[in-house]
$ cat target-v2.csv   # CSV, C-alpha atoms
chain,number,residue,atom,x,y,z
C,1,MET,CA,107.0,-54.5,203.8
C,2,THR,CA,105.2,-52.8,206.7
C,3,ILE,CA,103.2,-49.8,205.8
C,4,ASP,CA,102.4,-46.8,208.0
C,5,PRO,CA,98.6,-46.8,207.9
C,6,ALA,CA,98.3,-43.2,209.0
C,7,ALA,CA,99.9,-42.2,205.7
C,8,VAL,CA,97.0,-43.8,203.7
C,9,MET,CA,94.0,-43.0,205.9
C,10,PRO,CA,91.6,-40.7,204.0
C,11,TYR,CA,91.8,-38.0,206.6
C,12,PHE,CA,94.7,-37.3,208.9
C,13,ALA,CA,94.7,-34.7,211.7
C,14,PRO,CA,98.1,-34.5,213.4
C,15,MET,CA,96.5,-33.1,216.6
C,16,HIS,CA,94.3,-36.2,217.0
C,17,HIS,CA,96.9,-38.8,216.2
C,18,PRO,CA,99.0,-40.0,219.1
C,19,ALA,CA,101.1,-42.4,217.0
C,20,ASN,CA,102.0,-39.9,214.3
C,21,GLY,CA,101.3,-36.5,215.7
C,22,ILE,CA,100.1,-35.5,219.2
C,23,ALA,CA,97.5,-36.6,221.7
C,24,PRO,CA,95.0,-34.0,222.8
C,25,LEU,CA,94.2,-35.7,226.1
C,26,THR,CA,90.9,-34.0,226.3
C,27,THR,CA,87.4,-34.9,225.3
C,28,ALA,CA,86.0,-31.4,224.7
C,29,SER,CA,85.8,-30.4,221.1
C,30,GLY,CA,83.4,-27.7,220.0
C,31,GLY,CA,83.3,-24.2,218.6
C,32,ALA,CA,86.0,-22.1,220.1
C,33,ALA,CA,87.4,-18.6,219.2
C,34,TRP,CA,90.8,-18.5,217.5
C,35,PRO,CA,93.2,-17.2,220.0
C,36,SER,CA,94.5,-14.2,218.1
C,37,ALA,CA,93.9,-12.7,214.6
C,38,ASN,CA,96.5,-13.8,212.0
C,39,LEU,CA,98.1,-16.2,214.5
C,40,ALA,CA,99.5,-19.4,213.0
C,41,LEU,CA,99.6,-22.7,214.9
C,42,TYR,CA,102.0,-25.5,214.0
C,43,PHE,CA,101.5,-29.2,214.9
C,44,PRO,CA,104.4,-31.6,214.4
C,45,PHE,CA,103.8,-35.0,212.7
C,46,ARG,CA,105.8,-37.8,211.3
C,47,ILE,CA,104.9,-40.4,208.7
C,48,GLY,CA,106.7,-43.8,208.1
C,49,SER,CA,105.4,-44.2,204.5
C,50,PRO,CA,104.9,-41.8,201.7
C,51,MET,CA,101.7,-39.7,202.0
C,52,LEU,CA,99.9,-38.2,199.0
C,53,VAL,CA,98.4,-34.9,200.0
C,54,THR,CA,95.4,-34.1,197.8
C,55,ARG,CA,93.3,-31.9,199.9
C,56,LEU,CA,93.7,-29.8,203.1
C,57,TRP,CA,90.8,-29.2,205.5
C,58,PHE,CA,89.7,-27.6,208.7
C,59,ALA,CA,86.6,-28.0,210.8
C,60,GLY,CA,85.1,-24.6,210.5
C,61,ASN,CA,82.5,-22.9,212.7
C,62,GLY,CA,82.6,-19.2,212.1
C,63,THR,CA,83.8,-16.4,209.8
C,64,GLY,CA,87.1,-14.9,208.6
C,65,ASN,CA,89.6,-16.7,206.3
C,66,ALA,CA,91.8,-19.7,207.1
C,67,ASP,CA,95.0,-20.9,205.6
C,68,VAL,CA,96.1,-24.5,206.0
C,69,GLY,CA,99.5,-25.8,204.9
C,70,ILE,CA,102.3,-28.3,205.3
C,71,PHE,CA,105.9,-27.3,206.2
C,72,ASP,CA,109.1,-29.2,206.1
C,73,MET,CA,110.2,-29.5,209.8
C,74,THR,CA,113.9,-29.2,209.1
C,75,SER,CA,113.9,-26.1,207.0
C,76,GLY,CA,110.6,-24.6,207.9
C,77,THR,CA,109.8,-24.3,204.2
C,78,LYS,CA,106.1,-24.3,203.2
C,79,LEU,CA,105.5,-27.2,200.8
C,80,VAL,CA,101.8,-26.7,200.1
C,81,SER,CA,98.9,-24.6,201.3
C,82,THR,CA,95.4,-23.6,200.6
C,83,GLY,CA,95.8,-19.9,200.7
C,84,ALA,CA,93.0,-17.8,202.2
C,85,ILE,CA,89.8,-19.9,202.4
C,86,ALA,CA,86.5,-18.7,203.9
C,87,ASN,CA,85.6,-20.2,207.3
C,88,SER,CA,82.1,-21.7,207.6
C,89,ALA,CA,80.2,-24.0,209.8
C,90,ALA,CA,81.3,-27.2,208.0
C,91,LEU,CA,84.2,-29.4,207.3
C,92,VAL,CA,86.0,-27.1,204.8
C,93,LEU,CA,87.9,-29.1,202.2
C,94,THR,CA,90.2,-27.5,199.7
C,95,ASP,CA,91.9,-29.2,196.7
C,96,VAL,CA,95.6,-28.5,196.5
C,97,THR,CA,98.2,-29.5,194.0
C,98,ASP,CA,99.0,-33.1,194.8
C,99,MET,CA,102.1,-33.3,197.0
C,100,LEU,CA,103.9,-36.5,197.9
C,101,LEU,CA,105.4,-36.3,201.3
C,102,LEU,CA,108.2,-38.7,201.9
C,103,PRO,CA,108.7,-40.4,205.3
C,104,GLY,CA,109.9,-37.9,207.7
C,105,PHE,CA,108.9,-35.0,210.0
C,106,TYR,CA,106.6,-32.1,209.1
C,107,TRP,CA,104.6,-29.3,210.5
C,108,CYS,CA,100.9,-29.0,209.8
C,109,GLY,CA,100.1,-25.3,210.1
C,110,MET,CA,96.9,-23.2,210.1
C,111,SER,CA,96.3,-19.5,210.5
C,112,LEU,CA,93.0,-17.5,210.8
C,113,SER,CA,92.5,-13.9,209.9
C,114,SER,CA,90.2,-13.2,212.8
C,115,THR,CA,89.3,-14.4,216.2
C,116,SER,CA,86.2,-16.2,215.0
C,117,GLN,CA,85.5,-19.8,215.8
C,118,ILE,CA,86.5,-23.2,214.4
C,119,ILE,CA,86.1,-26.6,216.0
C,120,ALA,CA,88.8,-26.9,218.7
C,121,ALA,CA,89.6,-28.4,222.1
C,122,ALA,CA,91.3,-26.7,225.1
C,123,PRO,CA,93.8,-29.1,226.6
C,124,ALA,CA,96.3,-27.9,229.3
C,125,ILE,CA,98.9,-25.7,227.7
C,126,GLY,CA,101.7,-27.8,229.1
C,127,THR,CA,100.2,-30.8,227.1
C,128,LEU,CA,100.7,-28.8,223.9
C,129,ARG,CA,104.1,-27.5,224.8
C,130,ALA,CA,105.3,-30.9,225.8
C,131,GLN,CA,104.3,-32.3,222.4
C,132,GLY,CA,106.0,-29.6,220.4
C,133,VAL,CA,103.1,-27.5,219.3
C,134,CYS,CA,104.2,-24.0,218.2
C,135,GLN,CA,102.8,-20.7,217.0
C,136,GLU,CA,103.8,-17.7,215.0
C,137,ALA,CA,102.2,-14.2,215.1
C,138,SER,CA,101.3,-12.1,212.0
C,139,ALA,CA,101.3,-15.3,209.9
C,140,HIS,CA,98.1,-15.1,207.8
C,141,PRO,CA,98.3,-16.1,205.0
C,142,LEU,CA,100.9,-18.7,206.1
C,143,PRO,CA,104.5,-17.5,205.4
C,144,ALA,CA,106.8,-19.2,202.9
C,145,THR,CA,109.0,-20.1,205.7
C,146,ALA,CA,107.7,-20.9,209.2
C,147,THR,CA,109.3,-19.3,212.2
C,148,PRO,CA,107.7,-21.2,215.1
C,149,ILE,CA,108.0,-20.4,218.7
C,150,THR,CA,106.5,-22.1,221.8
C,151,ILE,CA,102.8,-22.0,221.9
C,152,ALA,CA,101.2,-19.6,224.4
C,153,TYR,CA,97.6,-20.6,224.1
C,154,ALA,CA,95.6,-23.6,225.3
C,155,TYR,CA,94.0,-24.1,222.0
C,156,LEU,CA,93.8,-27.2,219.8
C,157,PRO,CA,92.1,-26.7,216.4
C,158,LEU,CA,90.9,-29.5,214.2
C,159,PHE,CA,92.5,-29.4,210.8
C,160,GLY,CA,94.7,-31.6,208.6
C,161,VAL,CA,95.3,-33.6,205.5
C,162,SER,CA,93.2,-35.7,203.1
C,163,THR,CA,94.9,-38.3,201.0
C,164,ILE,CA,92.0,-39.0,198.6
C,165,ALA,CA,90.8,-36.9,195.7
C,166,ALA,CA,87.1,-37.5,196.5
C,167,ASP,CA,85.1,-39.2,199.2
C,168,LEU,CA,83.3,-42.5,198.9
D,169,MET,CA,121.9,-83.0,219.6
D,170,SER,CA,119.2,-82.5,217.0
D,171,VAL,CA,116.7,-79.8,217.3
D,172,LYS,CA,113.2,-80.6,216.5
D,173,ARG,CA,111.5,-77.9,214.4
D,174,ILE,CA,107.9,-77.4,214.9
D,175,ALA,CA,105.9,-75.8,212.2
D,176,PRO,CA,103.7,-73.0,213.4
D,177,ALA,CA,100.1,-74.0,213.6
D,178,THR,CA,97.5,-72.1,211.6
D,179,PRO,CA,96.3,-69.4,213.9
D,180,VAL,CA,92.9,-69.9,215.2
D,181,VAL,CA,92.7,-66.4,216.6
D,182,SER,CA,93.3,-63.1,215.0
D,183,ASP,CA,96.7,-61.5,214.9
D,184,LEU,CA,95.3,-58.2,213.7
D,185,THR,CA,92.2,-56.3,214.7
D,186,VAL,CA,90.7,-53.1,213.5
D,187,ALA,CA,88.5,-51.5,216.2
D,188,THR,CA,86.5,-48.2,216.1
D,189,HIS,CA,87.3,-47.2,219.7
D,190,PHE,CA,90.7,-48.6,220.7
D,191,GLY,CA,93.7,-50.5,219.4
D,192,LEU,CA,96.4,-49.5,216.9
D,193,LEU,CA,94.6,-49.3,213.6
D,194,GLY,CA,91.7,-47.4,211.9
D,195,ILE,CA,90.3,-44.5,213.9
D,196,GLY,CA,90.7,-46.4,217.2
D,197,PRO,CA,93.9,-44.6,218.3
D,198,MET,CA,92.3,-41.2,217.5
D,199,MET,CA,89.1,-42.0,219.4
D,200,LEU,CA,91.2,-43.0,222.4
D,201,ALA,CA,93.3,-39.8,222.0
D,202,ILE,CA,90.3,-37.6,222.2
D,203,GLY,CA,88.9,-39.5,225.1
D,204,ALA,CA,86.0,-41.0,223.2
D,205,GLY,CA,87.3,-44.6,223.5
D,206,VAL,CA,84.8,-45.9,226.1
D,207,PRO,CA,81.5,-46.7,224.4
D,208,GLY,CA,78.1,-47.0,225.9
D,209,GLY,CA,74.8,-48.1,224.5
D,210,GLY,CA,72.8,-45.6,222.4
D,211,ALA,CA,70.0,-45.9,219.9
D,212,TRP,CA,71.1,-46.2,216.3
D,213,PRO,CA,70.8,-42.7,214.8
D,214,ALA,CA,68.3,-43.5,212.0
D,215,ALA,CA,66.8,-46.7,210.5
D,216,ASN,CA,68.6,-47.9,207.4
D,217,ARG,CA,71.5,-45.4,207.8
D,218,ALA,CA,74.8,-47.0,207.2
D,219,LEU,CA,77.9,-45.7,209.0
D,220,LEU,CA,81.3,-46.2,207.4
D,221,ILE,CA,84.6,-46.1,209.3
D,222,PRO,CA,87.9,-46.0,207.4
D,223,PHE,CA,90.9,-48.3,208.1
D,224,VAL,CA,94.2,-49.2,206.5
D,225,LEU,CA,96.2,-52.4,207.4
D,226,PRO,CA,99.9,-52.3,207.7
D,227,ARG,CA,100.2,-55.6,205.9
D,228,THR,CA,97.9,-57.9,203.8
D,229,ALA,CA,95.5,-59.9,205.9
D,230,THR,CA,92.3,-61.9,205.7
D,231,ALA,CA,89.2,-60.6,207.4
D,232,TYR,CA,87.0,-63.3,208.8
D,233,LYS,CA,84.8,-61.9,211.5
D,234,ILE,CA,83.1,-58.6,212.4
D,235,HIS,CA,82.0,-58.1,216.0
D,236,VAL,CA,79.2,-55.6,216.7
D,237,GLY,CA,78.9,-54.4,220.3
D,238,ASN,CA,75.3,-54.7,221.5
D,239,GLY,CA,74.0,-52.6,224.3
D,240,GLY,CA,70.9,-53.2,226.5
D,241,THR,CA,68.4,-53.3,223.6
D,242,VAL,CA,68.5,-55.5,220.5
D,243,SER,CA,66.0,-55.0,217.8
D,244,GLY,CA,65.3,-55.9,214.2
D,245,ASN,CA,68.1,-56.7,211.8
D,246,LEU,CA,71.6,-55.4,211.1
D,247,ASP,CA,74.1,-55.8,208.3
D,248,ALA,CA,77.8,-55.4,208.5
D,249,GLY,CA,80.5,-55.5,205.8
D,250,ILE,CA,83.7,-54.1,204.2
D,251,TYR,CA,83.9,-51.7,201.3
D,252,SER,CA,86.7,-50.8,199.0
D,253,ALA,CA,87.7,-47.1,198.8
D,254,ALA,CA,85.7,-47.0,195.5
D,255,GLY,CA,82.5,-48.3,197.1
D,256,ALA,CA,82.6,-51.9,196.1
D,257,LEU,CA,81.1,-54.2,198.7
D,258,LEU,CA,83.8,-56.8,199.3
D,259,VAL,CA,82.0,-58.8,201.9
D,260,SER,CA,79.0,-58.6,204.1
D,261,ILE,CA,77.0,-60.7,206.5
D,262,GLY,CA,73.7,-59.7,204.9
D,263,SER,CA,70.5,-59.1,206.9
D,264,THR,CA,71.0,-60.7,210.3
D,265,ALA,CA,68.9,-60.6,213.4
D,266,ASN,CA,70.3,-58.3,216.1
D,267,ALA,CA,70.8,-60.7,219.0
D,268,GLY,CA,72.4,-60.8,222.4
D,269,THR,CA,72.2,-57.9,224.9
D,270,ASN,CA,75.4,-56.4,226.3
D,271,VAL,CA,77.7,-58.7,224.3
D,272,TYR,CA,79.7,-58.4,221.1
D,273,GLN,CA,77.6,-60.1,218.4
D,274,SER,CA,80.0,-62.2,216.3
D,275,LEU,CA,79.4,-62.2,212.6
D,276,ASP,CA,81.2,-64.9,210.6
D,277,ILE,CA,81.8,-63.3,207.2
D,278,ALA,CA,83.4,-65.0,204.3
D,279,ASP,CA,87.1,-64.9,204.4
D,280,THR,CA,88.2,-61.9,202.5
D,281,GLN,CA,91.8,-60.8,201.7
D,282,LEU,CA,92.5,-57.2,202.3
D,283,THR,CA,95.7,-55.6,200.9
D,284,GLY,CA,98.1,-53.8,203.2
D,285,GLY,CA,98.4,-50.1,202.6
D,286,THR,CA,95.0,-49.9,201.0
D,287,LEU,CA,92.0,-47.9,202.2
D,288,TYR,CA,88.9,-49.8,203.2
D,289,TYR,CA,85.7,-49.0,205.1
D,290,VAL,CA,84.0,-51.2,207.6
D,291,ALA,CA,80.2,-50.5,207.4
D,292,LEU,CA,77.3,-51.1,209.8
D,293,VAL,CA,73.6,-50.5,209.3
D,294,PHE,CA,70.5,-51.3,211.3
D,295,ASP,CA,67.0,-51.5,209.9
D,296,ASN,CA,65.6,-49.6,212.9
D,297,ALA,CA,66.4,-46.9,215.4
D,298,THR,CA,65.5,-48.9,218.5
D,299,ALA,CA,68.5,-51.1,218.9
D,300,THR,CA,71.1,-49.6,221.2
D,301,PRO,CA,74.6,-50.8,220.1
D,302,LEU,CA,77.7,-49.6,221.8
D,303,ARG,CA,78.7,-46.3,220.5
D,304,SER,CA,81.0,-43.3,221.3
D,305,GLN,CA,80.0,-39.8,220.9
D,306,THR,CA,82.1,-36.8,219.9
D,307,ASN,CA,81.5,-33.8,217.7
D,308,ALA,CA,80.2,-34.8,214.3
D,309,ARG,CA,82.7,-32.5,212.6
D,310,VAL,CA,85.5,-34.3,214.5
D,311,LEU,CA,84.2,-37.5,213.1
D,312,ALA,CA,84.2,-36.0,209.6
D,313,GLY,CA,87.8,-35.1,210.2
D,314,LEU,CA,88.5,-38.8,211.0
D,315,GLY,CA,87.0,-39.8,207.7
D,316,VAL,CA,83.8,-41.3,209.0
D,317,ARG,CA,81.0,-41.3,206.4
D,318,GLU,CA,77.3,-42.0,206.4
D,319,LYS,CA,74.6,-43.0,203.8
D,320,ALA,CA,70.9,-43.1,204.2
D,321,THR,CA,68.6,-45.9,202.9
D,322,SER,CA,71.3,-48.5,202.9
D,323,PHE,CA,69.8,-51.6,204.4
D,324,PRO,CA,70.9,-54.2,203.5
D,325,LEU,CA,74.3,-52.8,202.6
D,326,PRO,CA,74.2,-52.0,198.8
D,327,ASP,CA,76.8,-52.8,196.2
D,328,PRO,CA,78.2,-50.4,195.2
D,329,LEU,CA,77.8,-47.7,197.8
D,330,THR,CA,78.7,-44.2,196.8
D,331,GLY,CA,77.4,-40.7,197.4
D,332,THR,CA,78.1,-40.8,201.1
D,333,ALA,CA,78.0,-37.7,203.3
D,334,VAL,CA,79.8,-36.4,206.3
D,335,PRO,CA,78.3,-37.6,209.6
D,336,THR,CA,75.2,-35.8,210.8
D,337,SER,CA,75.2,-37.4,214.2
D,338,ASN,CA,77.9,-37.7,216.9
D,339,TYR,CA,77.9,-41.4,216.8
D,340,VAL,CA,80.6,-44.1,216.2
D,341,PRO,CA,79.4,-47.7,216.6
D,342,GLY,CA,81.6,-50.0,218.7
D,343,LEU,CA,82.7,-52.8,216.4
D,344,PHE,CA,85.9,-54.5,215.4
D,345,VAL,CA,87.1,-56.7,212.6
D,346,GLU,CA,89.2,-59.8,213.2
D,347,LEU,CA,91.9,-60.6,210.6
D,348,ARG,CA,94.6,-63.2,210.1
D,349,SER,CA,97.9,-62.2,208.4
D,350,LEU,CA,100.2,-65.0,209.3
$ encode --input "target-v2.csv" --output "structure tokens"
Amino acid sequence: MTIDPAAVMPYFAPMHHPANGIAPLTTASGGAAWPSANLALYFPFRIGSPMLVTRLWFAGNGTGNADVGIFDMTSGTKLVSTGAIANSAALVLTDVTDMLLLPGFYWCGMSLSSTSQIIAAAPAIGTLRAQGVCQEASAHPLPATATPITIAYAYLPLFGVSTIAADL
Amino acid sequence: MSVKRIAPATPVVSDLTVATHFGLLGIGPMMLAIGAGVPGGGAWPAANRALLIPFVLPRTATAYKIHVGNGGTVSGNLDAGIYSAAGALLVSIGSTANAGTNVYQSLDIADTQLTGGTLYYVALVFDNATATPLRSQTNARVLAGLGVREKATSFPLPDPLTGTAVPTSNYVPGLFVELRSL
């Protein structure tokens, strides 16, 4: 049986994974202000093998509160999320109730309560739209059901899933 | 008419590779995706600091070589190996002279079977910060988000290796593992 390695890698960021998520097509990643307070951004991804979500994370760089979650792409239903977690200048890891994602399509979503910074890149907005990146206003904390619309910002934050309970 | 069946020969070259900057497995695709896939020579970030890069194979295979990209300056000794997700050292080359400028230094490790769908780490350490292996640079927090880890005072590679930390330098060494799965 062939296994989808992305489903087992210790850290998975849909926005940096061309085979399972999207390709950012830009080299610049550094601290950048969140486009709008309480805005949620949704990044599509797919997995070909079951993925055990143990932690969710984001690459912080400022203040305010973040919420990171996984949504079923078909229904928009939120499957798991961190709830409001303080932003800081670090890789912010949050334990969540273990969630086994079956092979399929999902959104990885994040919202921030302010326009403070996290680590992000700024690819051309068409690059994001073409790959199905979406947004939702007034979505902090993340809603129980996502209502994504086409993204209006050239902003690619770094956040995602961890499949291990603790690091080496 | 009879058809002569020819048994496949044992492959003498790899049919799987895991690279840190390109290819289909490990963090290679992500490094390419963020535009950090073209490495250049750069001084090892700190003597005796091990860098660990995660990878998962799509099927069971046998690792038999690790290739380390050398830049314009070689110095001292290096060690390279593969760890389990729990930190057990599965195989390593041991302390080996860093040799050959601007080439991939081929390290013939003991054949080691790795299970498909299981997390492993390929590790590299130099005993000095003078050598300039090939490396790519991107934000250290981006590397943390790819699962890269580091550990100080780890030359030669210890067994076990635990207590790693997120990267403190924007440095991913250019190396790849050759494997046979057929």
$ atom_distance --input "target-v2.csv" --atom1 "atom CA of Pro328 of chain D" --atom2 "atom CA of Asn216 of chain D"
15.7 Å
$ residues_around --input "target-v2.csv" --residues "Thr115 of chain C" --least-positions-apart "6" --cutoff "9 Å" --atoms "all atoms listed in the file" --output "VMD selection string"
chain C and resid 33 to 38 63 to 64
$ closest_residue --input "target-v2.csv" --among "C:Asn20, C:Ser29, C:Ser111, C:Ser75" --to "Asn87 of chain C" --atoms "all atoms listed in the file"
C:Ser111
$ residues_around --input "target-v2.csv" --residues "Met199 of chain D" --least-positions-apart "6" --cutoff "10 Å" --atoms "all atoms listed in the file" --output "ChimeraX atom specification"
/C:16-17,27 /D:188-191,205-206,304-306,310-311,314,340
$ residues_around --input "target-v2.csv" --residues "Ile164 of chain C" --least-positions-apart "4" --cutoff "9 Å" --atoms "all atoms listed in the file" --output "PyMOL selection string"
chain C and resi 8-11+52-55
$ write_last_selection --input "target-v2.csv" --atoms "C-alpha atoms" --output "compact mmCIF listing (two decimals), in the coordinates of the input"
# COMPACT_ATOMS: atom_id res chain seq x y z
CA VAL C 8 97.00 -43.80 203.70
CA MET C 9 94.00 -43.00 205.90
CA PRO C 10 91.60 -40.70 204.00
CA TYR C 11 91.80 -38.00 206.60
CA LEU C 52 99.90 -38.20 199.00
CA VAL C 53 98.40 -34.90 200.00
CA THR C 54 95.40 -34.10 197.80
CA ARG C 55 93.30 -31.90 199.90
$ closest_residue --input "target-v2.csv" --among "D:Gly210, D:Asn296, D:Gly244, D:Phe323" --to "Ile261 of chain D" --atoms "only C-alpha atoms"
D:Phe323
$ residues_around --input "target-v2.csv" --residues "Thr321 of chain D" --least-positions-apart "6" --cutoff "8 Å" --atoms "only C-alpha atoms" --output "count of residues only"
4
$ interface_residues --input "target-v2.csv" --of "chain D" --to "chain C" --cutoff "6 Å" --atoms "only C-alpha atoms" --output "list in words"
Met198, Ala201, Ile202, Gly203, Val224, Pro226, Arg227, Gly285, Leu314, Gly315, Thr330 and Thr332 of chain D
$ atom_distance --input "target-v2.csv" --atom1 "atom CA of Thr145 of chain C" --atom2 "atom CA of Thr127 of chain C"
25.5 Å
$ atom_distance --input "target-v2.csv" --atom1 "atom CA of Phe71 of chain C" --atom2 "atom CA of Leu102 of chain C"
12.4 Å
$ closest_residue --input "target-v2.csv" --among "C:Gln117, C:Thr94, C:Asn65, C:Gln131" --to "Gly21 of chain C" --atoms "only C-alpha atoms"
C:Gln131
$ closest_residue --input "target-v2.csv" --among "D:Leu225, D:Ile234, D:Val259, D:Ile250" --to "Thr286 of chain D" --atoms "all atoms listed in the file"
D:Leu225
$ closest_residue --input "target-v2.csv" --among "D:Thr228, D:Ser252, D:Thr269, D:Ser322" --to "Gly284 of chain D" --atoms "all atoms listed in the file"
D:Thr228
$ residues_near_point --input "target-v2.csv" --point "(92.4, -54.7, 211.9)" --cutoff "8 Å" --atoms "all atoms listed in the file" --output "MDAnalysis selection string"
chainID D and resid 184:187 193:194 223:225 344:347
$ residues_around --input "target-v2.csv" --residues "Ala333 of chain D" --least-positions-apart "2" --cutoff "7 Å" --atoms "all atoms listed in the file" --output "PyMOL selection string"
chain D and resi 317-319+331+335
$ decode --input "target-v2.csv" --residues "segment 326-349 of chain D" --atoms "N, CA and C atoms" --output "mmCIF file, in the first residue's frame"
data_model
loop_
_atom_site.group_PDB
_atom_site.id
_atom_site.type_symbol
_atom_site.label_atom_id
_atom_site.label_comp_id
_atom_site.auth_asym_id
_atom_site.auth_seq_id
_atom_site.Cartn_x
_atom_site.Cartn_y
_atom_site.Cartn_z
ATOM 1 N N PRO D 326 24.687 11.303 18.891
ATOM 2 C CA PRO D 326 24.455 10.455 20.073
ATOM 3 C C PRO D 326 23.292 9.493 19.874
ATOM 4 N N ASP D 327 23.273 8.468 20.710
ATOM 5 C CA ASP D 327 22.176 7.508 20.709
ATOM 6 C C ASP D 327 21.766 7.244 22.149
ATOM 7 N N PRO D 328 20.568 7.660 22.556
ATOM 8 C CA PRO D 328 19.548 8.336 21.753
ATOM 9 C C PRO D 328 19.810 9.835 21.672
ATOM 10 N N LEU D 329 18.989 10.494 20.886
ATOM 11 C CA LEU D 329 19.031 11.951 20.799
ATOM 12 C C LEU D 329 17.638 12.463 21.095
ATOM 13 N N THR D 330 17.523 13.184 22.177
ATOM 14 C CA THR D 330 16.235 13.780 22.551
ATOM 15 C C THR D 330 16.496 15.203 23.030
ATOM 16 N N GLY D 331 15.440 15.891 23.400
ATOM 17 C CA GLY D 331 15.597 17.254 23.891
ATOM 18 C C GLY D 331 16.005 18.230 22.820
ATOM 19 N N THR D 332 15.538 18.000 21.611
ATOM 20 C CA THR D 332 15.870 18.917 20.528
ATOM 21 C C THR D 332 15.099 20.223 20.685
ATOM 22 N N ALA D 333 15.503 21.207 19.897
ATOM 23 C CA ALA D 333 14.863 22.517 19.946
ATOM 24 C C ALA D 333 14.495 22.955 18.534
ATOM 25 N N VAL D 334 13.641 23.963 18.461
ATOM 26 C CA VAL D 334 13.336 24.540 17.150
ATOM 27 C C VAL D 334 14.594 25.215 16.625
ATOM 28 N N PRO D 335 14.727 25.353 15.320
ATOM 29 C CA PRO D 335 15.959 25.935 14.761
ATOM 30 C C PRO D 335 16.178 27.366 15.244
ATOM 31 N N THR D 336 17.437 27.679 15.516
ATOM 32 C CA THR D 336 17.801 29.047 15.877
ATOM 33 C C THR D 336 18.537 29.736 14.741
ATOM 34 N N SER D 337 18.776 29.017 13.670
ATOM 35 C CA SER D 337 19.430 29.626 12.512
ATOM 36 C C SER D 337 18.625 29.301 11.252
ATOM 37 N N ASN D 338 18.717 30.161 10.285
ATOM 38 C CA ASN D 338 17.966 29.963 9.029
ATOM 39 C C ASN D 338 18.801 29.121 8.074
ATOM 40 N N TYR D 339 18.959 27.855 8.411
ATOM 41 C CA TYR D 339 19.961 27.026 7.750
ATOM 42 C C TYR D 339 19.436 25.604 7.568
ATOM 43 N N VAL D 340 19.339 25.167 6.321
ATOM 44 C CA VAL D 340 19.004 23.764 6.029
ATOM 45 C C VAL D 340 20.108 23.184 5.158
ATOM 46 N N PRO D 341 20.837 22.190 5.651
ATOM 47 C CA PRO D 341 21.937 21.637 4.856
ATOM 48 C C PRO D 341 21.435 20.895 3.631
ATOM 49 N N GLY D 342 22.210 20.982 2.578
ATOM 50 C CA GLY D 342 21.868 20.277 1.345
ATOM 51 C C GLY D 342 22.381 18.845 1.400
ATOM 52 N N LEU D 343 21.490 17.919 1.593
ATOM 53 C CA LEU D 343 21.885 16.501 1.641
ATOM 54 C C LEU D 343 20.749 15.655 1.104
ATOM 55 N N PHE D 344 21.066 14.425 0.756
ATOM 56 C CA PHE D 344 19.995 13.511 0.377
ATOM 57 C C PHE D 344 20.356 12.084 0.744
ATOM 58 N N VAL D 345 19.306 11.291 0.938
ATOM 59 C CA VAL D 345 19.432 9.878 1.299
ATOM 60 C C VAL D 345 19.039 9.053 0.083
ATOM 61 N N GLU D 346 19.846 8.058 -0.234
ATOM 62 C CA GLU D 346 19.504 7.125 -1.310
ATOM 63 C C GLU D 346 18.924 5.856 -0.703
ATOM 64 N N LEU D 347 17.852 5.355 -1.322
ATOM 65 C CA LEU D 347 17.172 4.161 -0.815
ATOM 66 C C LEU D 347 16.800 3.232 -1.960
ATOM 67 N N ARG D 348 16.674 1.971 -1.610
ATOM 68 C CA ARG D 348 16.159 0.957 -2.544
ATOM 69 C C ARG D 348 14.864 0.403 -1.966
ATOM 70 N N SER D 349 13.850 0.304 -2.811
ATOM 71 C CA SER D 349 12.595 -0.279 -2.313
ATOM 72 C C SER D 349 12.158 -1.462 -3.149
#
